[in-house]
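See structure below.
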Amino acid sequence: MIEERHSEEIEVQEDEILRQRTDKLIRLREEEGYDPFVHEKWIKKHTLDLVKKNFSHLAEDERDDTEIVTAGRLMTLRRHGKAAFANLADETSSLQLYFQVDAMGKEEYGFFKKWVDTGDMLGIVGHPFRTRRGELSILVTRCVLLAKALRPLPEKWHGLKDTETRYRQRYVDLIANPDVRETFRKRARIISTFRSVLEAHGSLEVETPILATLAGGANARPFVTFHNALGINMYMRIATELYLKRLIVGMLGRVYEIGKNFRNEGIDIMHNPEFTSMEVYWAYADYQDIMDLTEELIVAAADSVGSRDVVYQGTPVSFHPPFRRATMAELVRERTGFDIYQYGKEDDEKARAFAKEKGVDMEGYESRFLVLTKLFDEFVEDSLIQPTFVLGLPTEISPLAKKNPEDPDFTNRFELYIYGSEVANAFSELNDPLDQRERFMDQLKKKEAGDDEAHVFDEDYINALEYGLPPTGGLGIGIDRLAMFLTDSRSIRDVILFPTMRPKV
């Protein structure tokens, strides 16, 4: 109740400031004939980082005659009669400004004093100097108002902390929190690094449809829309896999795509309905090659943002290769004592009984392989803090992966886990059209039985396989989750510029 009242008071204050500043803008136009929004551009010759780098040597009370021409947002302002101190911020840094009537002249200083407020975008001309207190600053000789901020900076200029407001008004979050700007710069470096590594391996970046007549490539519930001209339902893609493998059939060799996927599922700190993934497919490769590539990509991404030794939410995580590699069966046996190889085809009930004794809910239809995956989800997943490749996932839950010829109940597939979350999924691609048709049929039966997330039957994809898909290794990496771990961001919303939010009532 107190927080609600405080929020209401802040809103009233902000509305009053908005009214006052709007009135000030109108008077500025009428009294001075000055419109701060007419400037087409301002030639910014110096960034604040450049000023810091080139003039850090200045001694106390020393000034340099170099003329600085810069620009940014006025973050704080402290007036003292015929002088004022302020803090100017640009995209990557901030620096103190010193406004003085003697340096600017009465007319220029009078304009600044009367019309400039915190939040305003300013063009600044001046000279670098260090104050008697030792702070590098710019002595302003000219100040140009480039854009008037009608709304005040958040929380009286002390930074924006409320997460709800941060996500809804990311533009304000970016103004108030330089660390947030750095997070998204790191995210961009991760993606750029992925591209560099893949292109060095001769991979071609491609684009495939976001809107399609079928939602395939993963087991997930899609978003559905309607195409008026065609008179059919269409689906936002849930994965790029089946289109990309068509391109391998078409002899493009090595391809990848970085883009948005959409899944009509819940929202939590690890899930957003709209998310970014990268999928890679290499002809004449298998899951072992792709595992090596995944490790190379992750290590390069860690290097690009600072270090292979990171601390995520207080827990050290090492991205030094090699990452641990273990089968799902091995990991489940380590944590629970369940050894799937002790259960035969007639032992599904015994397997379910084992899981029930461990407190895992059972529906009564689960095979021993589904029991294995449920035990993994319940007892193993959260324990995988350090990067770990989990190999040998059951064929029953891997409709697009090639079976292990030595143990056909399992596939040549792996998932990469970091801090208890799946970050990557990969396998030797199933390229047998007859086997693929059977697995699609099995998924179709599950969908007809009420499983909304079962894979669709894609006849055209079968048709493509019938032209011949070479041995292929494929990979999908969740870029948002990886960015979380490499930037110590608690929620996926912290690494998505505009996360999905419930509309304000």
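Residue numbering restarts at 1 for every chain of the structure tokens, chains are lettered A, B, ... in their displayed order, and ligands are numbered from 1 as they appear.
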Identify, with DSSP run on backbone atoms, the residues in region 50-225 of chain A assigned to strand (DSSP E), and express the list as a PyMOL selection string.
-> chain A and resi 68-80+83-89+94-100+121-130+136-147+204-205+211-212+224-225
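Excluding Leu211 (chain A) itself and same-chain residues fewer than 5 positions from it, the residues having an atom within 7 Å of it are Met234, Tyr235, Met236 and Arg237 of chain A, counting only C-alpha atoms.
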Write out as a PyMOL selection string the residues lying within 8 Å of Val140 (chain A), counting only C-alpha atoms and excluding same-chain residues fewer than 3 positions away.
-> chain A and resi 97-100+103-104+124-127+143
Write out, as a PDB file, in the first residue's frame, the residues just selected, with N, CA and C atoms.
ATOM      1  N   LEU A  97      30.765  18.875 -16.584  1.00  0.00           N
ATOM      2  CA  LEU A  97      30.804  20.145 -17.306  1.00  0.00           C
ATOM      3  C   LEU A  97      30.854  21.286 -16.297  1.00  0.00           C
ATOM      4  N   TYR A  98      31.563  22.353 -16.667  1.00  0.00           N
ATOM      5  CA  TYR A  98      31.598  23.541 -15.821  1.00  0.00           C
ATOM      6  C   TYR A  98      31.126  24.724 -16.655  1.00  0.00           C
ATOM      7  N   PHE A  99      29.968  25.285 -16.268  1.00  0.00           N
ATOM      8  CA  PHE A  99      29.404  26.448 -16.944  1.00  0.00           C
ATOM      9  C   PHE A  99      29.767  27.687 -16.117  1.00  0.00           C
ATOM     10  N   GLN A 100      30.326  28.711 -16.774  1.00  0.00           N
ATOM     11  CA  GLN A 100      30.747  29.920 -16.060  1.00  0.00           C
ATOM     12  C   GLN A 100      30.444  31.125 -16.935  1.00  0.00           C
ATOM     13  N   ALA A 103      33.355  32.520 -19.024  1.00  0.00           N
ATOM     14  CA  ALA A 103      33.799  31.693 -20.154  1.00  0.00           C
ATOM     15  C   ALA A 103      32.773  31.699 -21.281  1.00  0.00           C
ATOM     16  N   MET A 104      31.484  31.824 -20.944  1.00  0.00           N
ATOM     17  CA  MET A 104      30.428  31.719 -21.949  1.00  0.00           C
ATOM     18  C   MET A 104      29.932  33.074 -22.430  1.00  0.00           C
ATOM     19  N   ILE A 124      27.922  20.665 -26.979  1.00  0.00           N
ATOM     20  CA  ILE A 124      28.844  21.370 -26.081  1.00  0.00           C
ATOM     21  C   ILE A 124      30.150  21.690 -26.806  1.00  0.00           C
ATOM     22  N   VAL A 125      30.581  22.956 -26.646  1.00  0.00           N
ATOM     23  CA  VAL A 125      31.905  23.379 -27.106  1.00  0.00           C
ATOM     24  C   VAL A 125      32.655  23.895 -25.877  1.00  0.00           C
ATOM     25  N   GLY A 126      33.908  23.506 -25.729  1.00  0.00           N
ATOM     26  CA  GLY A 126      34.658  23.947 -24.561  1.00  0.00           C
ATOM     27  C   GLY A 126      36.073  23.435 -24.569  1.00  0.00           C
ATOM     28  N   HIS A 127      36.727  23.550 -23.395  1.00  0.00           N
ATOM     29  CA  HIS A 127      38.125  23.157 -23.254  1.00  0.00           C
ATOM     30  C   HIS A 127      38.273  22.195 -22.075  1.00  0.00           C
ATOM     31  N   CYS A 143      26.968  26.373 -25.441  1.00  0.00           N
ATOM     32  CA  CYS A 143      26.013  25.296 -25.154  1.00  0.00           C
ATOM     33  C   CYS A 143      24.823  25.453 -26.100  1.00  0.00           C
TER      34      CYS A 143
END
Nearest to Ile248 (chain A) by atom-to-atom distance, counting only C-alpha atoms, from A:Val206, A:Leu214, A:Leu150, A:Val12 | A:Val206
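Each of A:Asn272, A:Gly202, A:Val249, A:Leu372 was checked against Leu465 (chain A) using only C-alpha atoms; the smallest atom-to-atom distance is that of A:Val249.
Going from CA of Val299 (chain A) over to CA of Pro273 (chain A), you cover 27.4 Å.
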Kindly indicate which residue among A:Leu242, A:Val280, A:Ile298, A:Met291 lies nearest to Ile462 (chain A), using only C-alpha atoms for the distances.
-> A:Leu242
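Excluding Gly105 (chain A) and any residue on its chain fewer than 2 positions from it, the residues at most 12 Å away by only C-alpha atoms are A:Lys82, A:Ala83, A:Phe99, A:Gln100, A:Val101, A:Asp102, A:Ala103, A:Glu107, A:Glu108, A:Tyr109, A:Gly110, A:Phe111, A:Phe112, A:Lys113, A:Val140, A:Thr141, A:Arg142, A:Cys143.
Using only C-alpha atoms, the protein and nucleic acid residues lying no more than 12 Å from Arg185 (chain A), apart from those fewer than 3 places from it along its own chain, are Glu91, Thr92, Leu174, Pro178, Asp179, Val180, Arg181, Glu182, Ala188, Arg189, Ile190, Ile191, Ser192, Ser304, Val305, Ala483, Leu486, Thr487, Val495, Ile496 and Leu497 of chain A.
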Go ahead and write the residues just picked, C-alpha atoms, as a PDB file, in the first residue's frame.
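Output saved as result18.pdb:
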ATOM      1  CA  GLU A  91      26.564   6.600 -25.388  1.00  0.00           C
ATOM      2  CA  THR A  92      29.499   5.113 -23.500  1.00  0.00           C
ATOM      3  CA  LEU A 174      18.954   2.679 -21.098  1.00  0.00           C
ATOM      4  CA  PRO A 178      24.757   2.536 -18.239  1.00  0.00           C
ATOM      5  CA  ASP A 179      25.251  -1.114 -17.222  1.00  0.00           C
ATOM      6  CA  VAL A 180      22.160  -2.016 -19.230  1.00  0.00           C
ATOM      7  CA  ARG A 181      23.621  -0.382 -22.318  1.00  0.00           C
ATOM      8  CA  GLU A 182      26.774  -2.426 -21.806  1.00  0.00           C
ATOM      9  CA  ALA A 188      25.764  -7.768 -29.913  1.00  0.00           C
ATOM     10  CA  ARG A 189      29.403  -8.881 -29.596  1.00  0.00           C
ATOM     11  CA  ILE A 190      28.278 -12.462 -28.893  1.00  0.00           C
ATOM     12  CA  ILE A 191      26.229 -12.522 -32.093  1.00  0.00           C
ATOM     13  CA  SER A 192      29.015 -10.877 -34.087  1.00  0.00           C
ATOM     14  CA  SER A 304      34.443 -11.535 -26.764  1.00  0.00           C
ATOM     15  CA  VAL A 305      32.720 -10.165 -23.660  1.00  0.00           C
ATOM     16  CA  ALA A 483      23.763 -13.754 -23.130  1.00  0.00           C
ATOM     17  CA  LEU A 486      27.822 -14.151 -19.991  1.00  0.00           C
ATOM     18  CA  THR A 487      26.446 -10.838 -18.642  1.00  0.00           C
ATOM     19  CA  VAL A 495      18.865  -9.366 -22.323  1.00  0.00           C
ATOM     20  CA  ILE A 496      15.850  -8.748 -24.589  1.00  0.00           C
ATOM     21  CA  LEU A 497      15.431  -5.072 -25.398  1.00  0.00           C
TER      22      LEU A 497
END
If we count only C-alpha atoms, what is near Phe410 (chain A) at a cut-off of 7 Å, once residues fewer than 2 positions away on the same chain are taken out, given as JSON, numbers by chain?
-> {"A": [392, 393, 394, 395, 403, 404, 407, 408]}
Any chance you could export the current selection's C-alpha atoms as an mmCIF file, in the first residue's frame?
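After the write, again_39.cif holds the following:
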data_model
loop_
_atom_site.group_PDB
_atom_site.id
_atom_site.type_symbol
_atom_site.label_atom_id
_atom_site.label_comp_id
_atom_site.auth_asym_id
_atom_site.auth_seq_id
_atom_site.Cartn_x
_atom_site.Cartn_y
_atom_site.Cartn_z
ATOM 1 C CA GLY A 392 22.449 -39.932 -25.844
ATOM 2 C CA LEU A 393 18.890 -38.633 -25.612
ATOM 3 C CA PRO A 394 16.166 -41.251 -26.185
ATOM 4 C CA THR A 395 14.843 -41.739 -29.711
ATOM 5 C CA LYS A 403 19.501 -43.196 -34.110
ATOM 6 C CA ASN A 404 22.684 -44.538 -32.592
ATOM 7 C CA ASP A 407 21.905 -48.584 -29.431
ATOM 8 C CA PRO A 408 18.860 -47.546 -31.527
#
Just the residues within 10 Å of Glu265 (chain A), please, counting only C-alpha atoms, with nothing from its chain fewer than 5 positions along; format it as a PyMOL selection string.
-> chain A and resi 220-223+271-274
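Of note, CA of Glu346 (chain A) and CA of Lys374 (chain A) are spaced 18.9 Å apart.
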